[in-house]
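Heads up, entry.pdb below (PDB, C-alpha atoms, pLDDT in the B column):
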ATOM      1  CA  MET L  27      -3.236  20.497  -6.117  1.00 46.00           C
ATOM      2  CA  ARG L  28      -2.028  19.222  -2.793  1.00 42.00           C
ATOM      3  CA  LEU L  29      -0.245  16.331  -4.490  1.00 42.00           C
ATOM      4  CA  ASN L  30       1.961  18.763  -6.394  1.00 49.00           C
ATOM      5  CA  LYS L  31       2.927  20.407  -3.108  1.00 45.00           C
ATOM      6  CA  MET L  32       3.962  17.025  -1.727  1.00 44.00           C
ATOM      7  CA  LEU L  33       6.402  16.558  -4.633  1.00 42.00           C
ATOM      8  CA  ILE L  34       8.421  19.555  -3.401  1.00 43.00           C
ATOM      9  CA  PRO L  35       9.798  17.878  -0.228  1.00 44.00           C
ATOM     10  CA  VAL L  36      10.448  14.690  -2.185  1.00 42.00           C
ATOM     11  CA  SER L  37      12.578  16.629  -4.671  1.00 46.00           C
ATOM     12  CA  ALA L  38      14.320  18.454  -1.843  1.00 43.00           C
ATOM     13  CA  VAL L  39      15.348  15.168  -0.229  1.00 40.00           C
ATOM     14  CA  GLY L  40      16.684  14.001  -3.570  1.00 42.00           C
ATOM     15  CA  LEU L  41      18.829  17.099  -4.013  1.00 40.00           C
ATOM     16  CA  MET L  42      20.142  16.860  -0.469  1.00 40.00           C
ATOM     17  CA  ALA L  43      20.918  13.180  -0.934  1.00 39.00           C
ATOM     18  CA  GLY L  44      22.747  13.821  -4.178  1.00 41.00           C
ATOM     19  CA  SER L  45      24.972  16.462  -2.625  1.00 36.00           C
ATOM     20  CA  THR L  46      25.698  14.458   0.538  1.00 38.00           C
ATOM     21  CA  PHE L  47      26.071  10.840  -0.541  1.00 39.00           C
ATOM     22  CA  VAL L  48      26.883   8.843  -3.619  1.00 42.00           C
ATOM     23  CA  MET L  49      24.369   6.218  -4.729  1.00 45.00           C
ATOM     24  CA  ALA L  50      24.412   3.449  -2.131  1.00 52.00           C
ATOM     25  CA  ALA L  51      24.434   0.469  -4.526  1.00 66.00           C
ATOM     26  CA  ASP L  52      23.369  -0.575  -7.981  1.00 82.00           C
ATOM     27  CA  PRO L  53      19.575  -0.994  -8.068  1.00 92.00           C
ATOM     28  CA  VAL L  54      18.030  -4.423  -8.647  1.00 93.00           C
ATOM     29  CA  SER L  55      14.657  -5.779  -9.766  1.00 95.00           C
ATOM     30  CA  ASN L  56      12.469  -7.863  -7.448  1.00 96.00           C
ATOM     31  CA  LEU L  57       9.562  -9.876  -8.877  1.00 97.00           C
ATOM     32  CA  GLY L  58       7.293 -12.126  -6.878  1.00 97.00           C
ATOM     33  CA  ILE L  59       3.939 -13.236  -5.525  1.00 98.00           C
ATOM     34  CA  ILE L  60       1.676 -12.020  -2.730  1.00 97.00           C
ATOM     35  CA  VAL L  61      -0.533 -14.111  -0.436  1.00 97.00           C
ATOM     36  CA  ALA L  62      -2.718 -11.982   1.816  1.00 94.00           C
ATOM     37  CA  GLY L  63      -5.830 -11.853   3.939  1.00 91.00           C
ATOM     38  CA  SER L  64      -7.952  -8.707   4.083  1.00 84.00           C
ATOM     39  CA  GLU L  65     -10.495  -7.878   6.774  1.00 86.00           C
ATOM     40  CA  TYR L  66     -13.079  -5.500   5.309  1.00 77.00           C
ATOM     41  CA  GLU L  67     -15.599  -3.619   7.407  1.00 79.00           C
ATOM     42  CA  MET L  68     -18.214  -1.329   5.844  1.00 71.00           C
ATOM     43  CA  ASN L  69     -20.490   0.992   7.787  1.00 70.00           C
ATOM     44  CA  SER L  70     -23.185   3.206   6.300  1.00 61.00           C
ATOM     45  CA  ASP L  71     -26.588   4.736   6.918  1.00 59.00           C
ATOM     46  CA  ASN L  72     -27.675   2.731   3.879  1.00 55.00           C
ATOM     47  CA  ASP L  73     -29.114  -0.569   5.168  1.00 54.00           C
ATOM     48  CA  SER L  74     -27.943  -2.452   2.069  1.00 52.00           C
ATOM     49  CA  VAL L  75     -24.277  -2.148   3.060  1.00 51.00           C
ATOM     50  CA  ASP L  76     -24.247  -1.196   6.768  1.00 51.00           C
ATOM     51  CA  GLY L  77     -22.405  -3.521   9.100  1.00 56.00           C
ATOM     52  CA  ARG L  78     -20.833  -5.680   6.414  1.00 65.00           C
ATOM     53  CA  GLU L  79     -17.709  -7.500   7.617  1.00 72.00           C
ATOM     54  CA  GLU L  80     -15.770  -9.931   5.476  1.00 73.00           C
ATOM     55  CA  THR L  81     -12.380 -11.619   5.597  1.00 82.00           C
ATOM     56  CA  VAL L  82     -11.211 -12.276   2.052  1.00 85.00           C
ATOM     57  CA  GLY L  83      -8.127 -14.199   0.981  1.00 90.00           C
ATOM     58  CA  GLN L  84      -6.154 -12.606  -1.838  1.00 92.00           C
ATOM     59  CA  GLY L  85      -3.402 -13.542  -4.236  1.00 95.00           C
ATOM     60  CA  GLY L  86      -1.330 -11.232  -6.367  1.00 96.00           C
ATOM     61  CA  ILE L  87       1.960 -10.224  -7.912  1.00 97.00           C
ATOM     62  CA  PHE L  88       4.474  -7.449  -7.311  1.00 98.00           C
ATOM     63  CA  TYR L  89       7.458  -5.893  -9.021  1.00 98.00           C
ATOM     64  CA  ASN L  90       9.842  -3.258  -7.711  1.00 97.00           C
ATOM     65  CA  TYR L  91      13.137  -1.731  -8.767  1.00 97.00           C
ATOM     66  CA  GLY L  92      15.619   0.009  -6.481  1.00 96.00           C
ATOM     67  CA  ASN L  93      18.251  -0.422  -3.790  1.00 95.00           C
ATOM     68  CA  LYS L  94      16.257  -0.323  -0.553  1.00 95.00           C
ATOM     69  CA  MET L  95      17.313  -3.900   0.253  1.00 93.00           C
ATOM     70  CA  THR L  96      20.788  -3.961  -1.301  1.00 91.00           C
ATOM     71  CA  GLY L  97      22.233  -0.511  -0.603  1.00 90.00           C
ATOM     72  CA  GLY L  98      24.615   0.722   2.069  1.00 90.00           C
ATOM     73  CA  PRO L  99      24.760   4.284   3.438  1.00 93.00           C
ATOM     74  CA  GLY L 100      23.731   6.883   0.876  1.00 94.00           C
ATOM     75  CA  THR L 101      20.775   7.593  -1.333  1.00 95.00           C
ATOM     76  CA  ILE L 102      18.142   4.870  -1.546  1.00 96.00           C
ATOM     77  CA  PHE L 103      15.091   4.647  -3.774  1.00 97.00           C
ATOM     78  CA  GLN L 104      12.467   2.217  -4.972  1.00 97.00           C
ATOM     79  CA  VAL L 105       9.631   2.263  -7.498  1.00 98.00           C
ATOM     80  CA  GLY L 106       7.094  -0.525  -7.666  1.00 97.00           C
ATOM     81  CA  VAL L 107       3.653  -1.815  -8.554  1.00 98.00           C
ATOM     82  CA  GLU L 108       1.471  -4.578  -7.145  1.00 96.00           C
ATOM     83  CA  ALA L 109      -1.978  -6.029  -7.817  1.00 96.00           C
ATOM     84  CA  ARG L 110      -4.192  -8.391  -5.808  1.00 94.00           C
ATOM     85  CA  TYR L 111      -7.452 -10.267  -6.345  1.00 94.00           C
ATOM     86  CA  GLY L 112      -9.685 -12.156  -3.929  1.00 91.00           C
ATOM     87  CA  GLU L 113     -13.164 -13.592  -3.687  1.00 87.00           C
ATOM     88  CA  LYS L 114     -15.383 -15.151  -1.059  1.00 81.00           C
ATOM     89  CA  ASN L 115     -18.905 -16.386  -1.738  1.00 79.00           C
ATOM     90  CA  ASP L 116     -20.469 -13.547  -3.749  1.00 73.00           C
ATOM     91  CA  ASP L 117     -17.855 -10.939  -2.776  1.00 78.00           C
ATOM     92  CA  GLU L 118     -14.931  -9.963  -5.013  1.00 85.00           C
ATOM     93  CA  VAL L 119     -12.053  -7.633  -4.198  1.00 86.00           C
ATOM     94  CA  LYS L 120      -9.629  -6.148  -6.713  1.00 91.00           C
ATOM     95  CA  ASP L 121      -6.915  -3.654  -5.824  1.00 91.00           C
ATOM     96  CA  ALA L 122      -3.698  -2.220  -7.220  1.00 95.00           C
ATOM     97  CA  THR L 123      -1.006   0.137  -5.946  1.00 95.00           C
ATOM     98  CA  ALA L 124       1.882   2.012  -7.544  1.00 97.00           C
ATOM     99  CA  GLU L 125       4.417   3.995  -5.522  1.00 97.00           C
ATOM    100  CA  ALA L 126       7.866   5.575  -5.576  1.00 98.00           C
ATOM    101  CA  ASP L 127      10.151   6.097  -2.543  1.00 97.00           C
ATOM    102  CA  LEU L 128      13.256   8.224  -2.058  1.00 97.00           C
ATOM    103  CA  GLY L 129      15.373   8.528   1.054  1.00 97.00           C
ATOM    104  CA  LEU L 130      18.646   8.552   2.927  1.00 97.00           C
ATOM    105  CA  ARG L 131      20.412   5.622   4.580  1.00 97.00           C
ATOM    106  CA  MET L 132      22.673   6.581   7.480  1.00 97.00           C
ATOM    107  CA  PRO L 133      25.088   4.199   9.270  1.00 96.00           C
ATOM    108  CA  LEU L 134      24.479   3.125  12.865  1.00 95.00           C
ATOM    109  CA  THR L 135      27.163   0.420  13.095  1.00 93.00           C
ATOM    110  CA  ASP L 136      29.338  -1.444  10.607  1.00 90.00           C
ATOM    111  CA  ASN L 137      26.380  -3.611   9.581  1.00 92.00           C
ATOM    112  CA  SER L 138      23.282  -1.601  10.553  1.00 96.00           C
ATOM    113  CA  ASN L 139      21.731   1.503   9.034  1.00 97.00           C
ATOM    114  CA  PHE L 140      18.872   3.901   9.718  1.00 97.00           C
ATOM    115  CA  ASP L 141      16.560   4.976   6.872  1.00 97.00           C
ATOM    116  CA  VAL L 142      14.420   8.070   6.393  1.00 98.00           C
ATOM    117  CA  LEU L 143      12.082   8.017   3.392  1.00 97.00           C
ATOM    118  CA  VAL L 144       9.344   9.971   1.683  1.00 98.00           C
ATOM    119  CA  GLY L 145       7.296   8.956  -1.327  1.00 97.00           C
ATOM    120  CA  VAL L 146       4.226   9.300  -3.508  1.00 97.00           C
ATOM    121  CA  GLY L 147       1.837   6.767  -5.010  1.00 97.00           C
ATOM    122  CA  TYR L 148      -1.619   5.835  -6.241  1.00 96.00           C
ATOM    123  CA  ASP L 149      -4.115   3.351  -4.803  1.00 93.00           C
ATOM    124  CA  TRP L 150      -7.196   1.759  -6.448  1.00 92.00           C
ATOM    125  CA  THR L 151      -9.688  -0.671  -4.902  1.00 88.00           C
ATOM    126  CA  ARG L 152     -13.008  -2.177  -5.994  1.00 86.00           C
ATOM    127  CA  TRP L 153     -15.285  -4.232  -3.746  1.00 80.00           C
ATOM    128  CA  GLU L 154     -18.171  -6.068  -5.441  1.00 79.00           C
ATOM    129  CA  MET L 155     -20.762  -7.891  -3.345  1.00 72.00           C
ATOM    130  CA  GLU L 156     -24.237  -9.358  -3.480  1.00 68.00           C
ATOM    131  CA  ASP L 157     -26.470  -9.177  -0.410  1.00 61.00           C
ATOM    132  CA  ASN L 158     -30.181 -10.053  -0.342  1.00 59.00           C
ATOM    133  CA  ASN L 159     -30.261  -9.906  -4.158  1.00 61.00           C
ATOM    134  CA  ASP L 160     -28.751  -6.397  -4.084  1.00 64.00           C
ATOM    135  CA  ASP L 161     -25.585  -5.960  -6.190  1.00 71.00           C
ATOM    136  CA  VAL L 162     -23.323  -3.343  -4.632  1.00 73.00           C
ATOM    137  CA  GLU L 163     -20.035  -1.972  -5.974  1.00 76.00           C
ATOM    138  CA  LEU L 164     -17.741   0.352  -4.058  1.00 77.00           C
ATOM    139  CA  SER L 165     -14.721   1.708  -5.958  1.00 82.00           C
ATOM    140  CA  ASN L 166     -12.067   3.969  -4.491  1.00 85.00           C
ATOM    141  CA  LYS L 167      -9.044   5.636  -6.045  1.00 88.00           C
ATOM    142  CA  SER L 168      -6.639   8.024  -4.410  1.00 91.00           C
ATOM    143  CA  PRO L 169      -3.155   9.476  -4.823  1.00 95.00           C
ATOM    144  CA  PHE L 170      -1.122   9.489  -1.613  1.00 96.00           C
ATOM    145  CA  ALA L 171       2.029  10.803  -0.016  1.00 97.00           C
ATOM    146  CA  LYS L 172       4.032   8.679   2.386  1.00 97.00           C
ATOM    147  CA  ALA L 173       6.687   9.021   5.068  1.00 98.00           C
ATOM    148  CA  ALA L 174       8.575   6.201   6.764  1.00 98.00           C
ATOM    149  CA  LEU L 175      11.497   5.198   8.973  1.00 98.00           C
ATOM    150  CA  GLY L 176      13.506   2.038   8.478  1.00 97.00           C
ATOM    151  CA  TRP L 177      16.184  -0.187   9.990  1.00 97.00           C
ATOM    152  CA  HIS L 178      18.518  -2.104   7.677  1.00 97.00           C
ATOM    153  CA  HIS L 179      20.998  -4.832   8.672  1.00 96.00           C
ATOM    154  CA  GLN L 180      23.446  -6.586   6.345  1.00 91.00           C
ATOM    155  CA  GLY L 181      24.559  -9.996   7.592  1.00 89.00           C
ATOM    156  CA  ASN L 182      26.894 -12.490   5.956  1.00 85.00           C
ATOM    157  CA  THR L 183      24.136 -14.257   4.029  1.00 86.00           C
ATOM    158  CA  VAL L 184      20.909 -12.533   5.134  1.00 92.00           C
ATOM    159  CA  THR L 185      19.910  -8.886   4.837  1.00 93.00           C
ATOM    160  CA  THR L 186      17.063  -7.735   7.098  1.00 96.00           C
ATOM    161  CA  ARG L 187      14.999  -4.591   6.703  1.00 97.00           C
ATOM    162  CA  LEU L 188      12.151  -3.195   8.830  1.00 98.00           C
ATOM    163  CA  GLU L 189      10.046  -0.241   7.663  1.00 98.00           C
ATOM    164  CA  ILE L 190       7.236   1.541   9.528  1.00 98.00           C
ATOM    165  CA  GLY L 191       5.338   4.495   8.125  1.00 97.00           C
ATOM    166  CA  THR L 192       2.089   5.971   6.940  1.00 97.00           C
ATOM    167  CA  ARG L 193       0.423   6.738   3.624  1.00 96.00           C
ATOM    168  CA  TYR L 194      -1.699   9.905   3.535  1.00 95.00           C
ATOM    169  CA  SER L 195      -4.466   9.808   0.950  1.00 92.00           C
ATOM    170  CA  ILE L 196      -5.016  13.064  -0.951  1.00 92.00           C
ATOM    171  CA  GLU L 197      -8.152  14.167  -2.795  1.00 83.00           C
ATOM    172  CA  GLY L 198      -9.439  10.627  -3.283  1.00 85.00           C
ATOM    173  CA  GLU L 199     -12.598   9.715  -5.164  1.00 81.00           C
ATOM    174  CA  GLY L 200     -15.171   7.045  -4.383  1.00 76.00           C
ATOM    175  CA  LYS L 201     -17.976   5.589  -6.433  1.00 75.00           C
ATOM    176  CA  VAL L 202     -20.932   3.749  -4.922  1.00 72.00           C
ATOM    177  CA  LYS L 203     -23.141   1.754  -7.300  1.00 71.00           C
ATOM    178  CA  LEU L 204     -26.349  -0.081  -6.381  1.00 69.00           C
ATOM    179  CA  VAL L 205     -27.473  -2.102  -9.381  1.00 63.00           C
ATOM    180  CA  GLY L 206     -30.998  -1.051 -10.278  1.00 64.00           C
ATOM    181  CA  TYR L 207     -30.797   2.161  -8.252  1.00 67.00           C
ATOM    182  CA  GLY L 208     -27.955   4.088  -9.880  1.00 67.00           C
ATOM    183  CA  SER L 209     -24.539   5.304  -8.794  1.00 68.00           C
ATOM    184  CA  GLU L 210     -22.856   8.290  -7.191  1.00 72.00           C
ATOM    185  CA  THR L 211     -19.293   9.547  -7.417  1.00 76.00           C
ATOM    186  CA  VAL L 212     -18.113  11.429  -4.346  1.00 76.00           C
ATOM    187  CA  ASP L 213     -14.975  12.876  -2.781  1.00 76.00           C
ATOM    188  CA  LEU L 214     -13.129  10.943  -0.083  1.00 81.00           C
ATOM    189  CA  LYS L 215     -11.730  12.423   3.091  1.00 83.00           C
ATOM    190  CA  ASN L 216      -7.947  12.633   3.408  1.00 87.00           C
ATOM    191  CA  LYS L 217      -6.783   9.872   5.727  1.00 88.00           C
ATOM    192  CA  PHE L 218      -3.608   8.565   7.386  1.00 93.00           C
ATOM    193  CA  ASN L 219      -3.113   4.862   6.625  1.00 94.00           C
ATOM    194  CA  PRO L 220      -0.396   3.175   8.735  1.00 96.00           C
ATOM    195  CA  TYR L 221       1.688   0.249   7.520  1.00 97.00           C
ATOM    196  CA  ALA L 222       4.653  -1.900   8.551  1.00 98.00           C
ATOM    197  CA  GLU L 223       6.773  -4.420   6.659  1.00 97.00           C
ATOM    198  CA  LEU L 224       9.652  -6.773   7.480  1.00 98.00           C
ATOM    199  CA  ASN L 225      11.730  -8.135   4.594  1.00 97.00           C
ATOM    200  CA  PHE L 226      14.639 -10.574   4.223  1.00 96.00           C
ATOM    201  CA  LEU L 227      17.122 -11.107   1.396  1.00 94.00           C
ATOM    202  CA  TRP L 228      19.101 -14.368   1.248  1.00 91.00           C
ATOM    203  CA  ASP L 229      22.342 -15.310  -0.537  1.00 74.00           C
ATOM    204  CA  GLN L 230      23.140 -11.848  -1.787  1.00 55.00           C
ATOM    205  CA  GLY L 231      26.077 -12.218  -4.178  1.00 61.00           C
ATOM    206  CA  GLN L 232      26.585 -15.903  -3.277  1.00 59.00           C
ATOM    207  CA  GLY L 233      24.005 -17.759  -5.323  1.00 69.00           C
ATOM    208  CA  PHE L 234      20.390 -17.396  -6.399  1.00 80.00           C
ATOM    209  CA  PRO L 235      19.096 -14.392  -4.412  1.00 89.00           C
ATOM    210  CA  PHE L 236      15.512 -14.470  -3.185  1.00 93.00           C
ATOM    211  CA  THR L 237      13.389 -12.390  -0.832  1.00 95.00           C
ATOM    212  CA  ALA L 238      10.656 -13.055   1.698  1.00 97.00           C
ATOM    213  CA  GLY L 239       8.665 -10.650   3.797  1.00 97.00           C
ATOM    214  CA  VAL L 240       5.571 -10.039   5.883  1.00 98.00           C
ATOM    215  CA  TYR L 241       3.526  -6.860   6.015  1.00 97.00           C
ATOM    216  CA  TYR L 242       0.507  -5.148   7.548  1.00 97.00           C
ATOM    217  CA  SER L 243      -1.398  -2.204   6.128  1.00 95.00           C
ATOM    218  CA  GLN L 244      -4.573  -0.357   7.064  1.00 92.00           C
ATOM    219  CA  THR L 245      -6.548   1.620   4.501  1.00 87.00           C
ATOM    220  CA  ASN L 246      -9.512   3.827   5.400  1.00 84.00           C
ATOM    221  CA  TYR L 247     -12.046   5.170   2.920  1.00 80.00           C
ATOM    222  CA  GLU L 248     -14.639   7.693   4.132  1.00 77.00           C
ATOM    223  CA  LEU L 249     -16.966   9.825   2.047  1.00 72.00           C
ATOM    224  CA  ASP L 250     -16.388  13.554   2.421  1.00 69.00           C
ATOM    225  CA  ASP L 251     -20.117  14.380   2.293  1.00 63.00           C
ATOM    226  CA  ASP L 252     -23.457  12.629   2.676  1.00 54.00           C
ATOM    227  CA  TYR L 253     -25.293  11.426  -0.409  1.00 53.00           C
ATOM    228  CA  GLU L 254     -28.626   9.723  -0.972  1.00 50.00           C
ATOM    229  CA  LEU L 255     -27.176   6.352  -1.963  1.00 49.00           C
ATOM    230  CA  ALA L 256     -24.161   6.474   0.329  1.00 51.00           C
ATOM    231  CA  ASP L 257     -24.918   8.332   3.554  1.00 56.00           C
ATOM    232  CA  ASN L 258     -21.942   8.246   5.956  1.00 62.00           C
ATOM    233  CA  THR L 259     -20.317   5.304   4.181  1.00 67.00           C
ATOM    234  CA  GLU L 260     -16.937   4.107   5.478  1.00 75.00           C
ATOM    235  CA  LEU L 261     -14.793   1.169   4.383  1.00 76.00           C
ATOM    236  CA  GLU L 262     -11.801  -0.011   6.413  1.00 82.00           C
ATOM    237  CA  ASN L 263      -9.370  -2.638   5.166  1.00 84.00           C
ATOM    238  CA  ASN L 264      -6.844  -4.328   7.469  1.00 91.00           C
ATOM    239  CA  GLU L 265      -4.512  -6.440   5.358  1.00 93.00           C
ATOM    240  CA  PHE L 266      -1.912  -8.992   6.479  1.00 95.00           C
ATOM    241  CA  GLY L 267       0.289 -10.573   3.847  1.00 96.00           C
ATOM    242  CA  VAL L 268       3.394 -12.492   2.800  1.00 97.00           C
ATOM    243  CA  LYS L 269       5.602 -11.709  -0.194  1.00 97.00           C
ATOM    244  CA  LEU L 270       8.050 -14.094  -1.901  1.00 97.00           C
ATOM    245  CA  GLY L 271      10.289 -12.897  -4.703  1.00 96.00           C
ATOM    246  CA  VAL L 272      13.515 -13.272  -6.671  1.00 94.00           C
ATOM    247  CA  LEU L 273      16.147 -10.642  -7.521  1.00 92.00           C
ATOM    248  CA  PHE L 274      17.589 -10.102 -10.956  1.00 89.00           C
TER
END
Translate the structure described by the file into structure tokens.
Amino acid sequence: MRLNKMLIPVSAVGLMAGSTFVMAADPVSNLGIIVAGSEYEMNSDNDSVDGREETVGQGGIFYNYGNKMTGGPGTIFQVGVEARYGEKNDDEVKDATAEADLGLRMPLTDNSNFDVLVGVGYDWTRWEMEDNNDDVELSNKSPFAKAALGWHHQGNTVTTRLEIGTRYSIEGEGKVKLVGYGSETVDLKNKFNPYAELNFLWDQGQGFPFTAGVYYSQTNYELDDDYELADNTELENNEFGVKLGVLF
């Protein structure tokens, strides 16, 4: 499995980090809400779904645990999960993600640091829609590997962190279901999915700490082969969102 091969460099970074730096800071939990807008575009040789474009508002929750926001130079890590739901007219979108990051934080100045991270995760999405009395469901699930660079700045009361990277889907699986016609489960092509996020932490150690951030992510799903119900089907999701959370 390619995913197993990707775990090797992740472990290597961990060993290198352990031998070079002590743990940067005690990890913390971050729990909060997500407000997002997703622009979905589906293209296919199947007339029932070809050319569909929808912008769907979503709400959700997230939880993560680690020291990506609180740590100084050294080993940094974070594990987390998030789930979102949205609907518009007869369309419904459900998705969930789990991921784990591990990396090194290296000092640039007294207050600024440079991050290098790798990670693994799992992504699941389901899009349900009704068009011209046709009920269509498109479900996708895929493990992924990720790589990212970050910039981290610790101010007197505000900590700022920028991260830019990509998630690479590995051996994903898609399922296309047309109610009344049947369903097909197919392999998905491996894809690079870029993302960027900017996060802020206020009142660290001085009161009630809370976080806020904005993010962008692009996720591409493309069938690896052509099938009768799903010829050349592609789904692209461009998501813009805001996260608000509290530390504990």
- Task: Figure out the distance between atom CA of L:Trp177 and atom CA of L:Leu224, please, to one decimal in Å.
- Result: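 One can read the atom CA of L:Leu224 to atom CA of L:Trp177 distance as 9.6 Å.
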- Query: Out of L:Ser168, L:Thr151, L:Gln180, L:Ser243, which residue has the shortest atom-to-atom distance to L:Leu134 when counting all atoms listed in the file?
  - Reply: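 Ranking L:Ser168, L:Thr151, L:Gln180, L:Ser243 by distance to L:Leu134, first place goes to L:Gln180.
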Run the PyMOL selection byres ((chain L and resi 118) around 6) mentally over the shown coordinates, then write out the matched residues as a PDB file with C-alpha atoms, in the frame of the given file, using the chain letters and numbers from the document.
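Just written: part_31.pdb:
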ATOM      1  CA  GLY L 112      -9.685 -12.156  -3.929  1.00 91.00           C
ATOM      2  CA  GLU L 113     -13.164 -13.592  -3.687  1.00 87.00           C
ATOM      3  CA  ASP L 117     -17.855 -10.939  -2.776  1.00 78.00           C
ATOM      4  CA  VAL L 119     -12.053  -7.633  -4.198  1.00 86.00           C
ATOM      5  CA  TRP L 153     -15.285  -4.232  -3.746  1.00 80.00           C
ATOM      6  CA  GLU L 154     -18.171  -6.068  -5.441  1.00 79.00           C
TER       7      GLU L 154
END
- Message: From the options L:Val142, L:Leu273, L:Tyr247, L:Glu265, which residue's atoms come nearest to L:Gly63, counting all atoms listed in the file?
- Response: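 Of the candidates, the smallest distance to L:Gly63 is held by L:Glu265.
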- Hits from the PyMOL selection byres ((chain L and resi 103-108) around 8), listed as a list in words: Gly86, Ile87, Phe88, Tyr89, Asn90, Tyr91, Gly92, Asn93, Lys94, Thr101, Ile102, Ala109, Arg110, Ala122, Thr123, Ala124, Glu125, Ala126, Asp127, Leu128 and Gly129 of chain L
- Please identify all polymer residues within 7 Å of L:Pro99, counting all atoms listed in the file, omitting same-chain residues fewer than 6 positions from it, and present them as a ChimeraX atom specification. /L:50,131-133,139
Generate the output file for the selected residues, C-alpha atoms, as an mmCIF file, in the frame of the given file.
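Saved result, selection_30.cif, follows:
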data_model
loop_
_atom_site.group_PDB
_atom_site.id
_atom_site.type_symbol
_atom_site.label_atom_id
_atom_site.label_comp_id
_atom_site.auth_asym_id
_atom_site.auth_seq_id
_atom_site.Cartn_x
_atom_site.Cartn_y
_atom_site.Cartn_z
ATOM 1 C CA ALA L 50 24.412 3.449 -2.131
ATOM 2 C CA ARG L 131 20.412 5.622 4.580
ATOM 3 C CA MET L 132 22.673 6.581 7.480
ATOM 4 C CA PRO L 133 25.088 4.199 9.270
ATOM 5 C CA ASN L 139 21.731 1.503 9.034
#
- Query: When the PyMOL selection byres ((chain L and resi 267-270) around 8) is applied to the file above, which residues end up in the set, as number ranges by chain?
  - Reply: L: 58-63, 236-242, 265-266, 271-272
- Query: Of the candidates L:Asn264, L:Asn56, L:Asn246, L:Asn225, which one gets nearest to L:Asn69 if we count all atoms listed in the file?
  - Reply: L:Asn246
- Task: Figure out the distance between atom CA of L:Lys203 and atom CA of L:Glu79, please, to one decimal in Å.
- Result: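 A separation of 18.4 Å between them.
Considering all atoms listed in the file, the residue among L:Asp141, L:Phe274, L:Phe218, L:Asp213 positioned nearest to L:Glu262 is L:Phe218.
Note that the spacing between atom CA of L:Met155 and atom CA of L:Pro220 amounts to 26.1 Å.
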- Task: Find, counting only C-alpha atoms, the residue in L:Asp149, L:Asp116, L:Glu223, L:Glu248 that gets nearest to L:Gly176.
- Result: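 Among the listed residues, the smallest separation from L:Gly176 belongs to L:Glu223.
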- All residues 6 Å or closer to L:Leu164, only C-alpha atoms, same chain fewer than 3 positions away omitted, as a ChimeraX atom specification: /L:152-153,201-202
- For L:Ile196, which of L:Asn263, L:Asn219, L:Asn182, L:Thr211 is the closest residue, counting only C-alpha atoms?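 Closest candidate: L:Asn219.
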- Skip L:Val184 itself and residues of its chain fewer than 6 positions away, then list as a ChimeraX atom specification all residues within 10 Å of it, counting all atoms listed in the file. /L:226-230,235,237
Those selected residues, please, written with C-alpha atoms and delivered as a PDB file, in the frame of the given file.
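Below you can see part.pdb, which holds the result:
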ATOM      1  CA  PHE L 226      14.639 -10.574   4.223  1.00 96.00           C
ATOM      2  CA  LEU L 227      17.122 -11.107   1.396  1.00 94.00           C
ATOM      3  CA  TRP L 228      19.101 -14.368   1.248  1.00 91.00           C
ATOM      4  CA  ASP L 229      22.342 -15.310  -0.537  1.00 74.00           C
ATOM      5  CA  GLN L 230      23.140 -11.848  -1.787  1.00 55.00           C
ATOM      6  CA  PRO L 235      19.096 -14.392  -4.412  1.00 89.00           C
ATOM      7  CA  THR L 237      13.389 -12.390  -0.832  1.00 95.00           C
TER       8      THR L 237
END
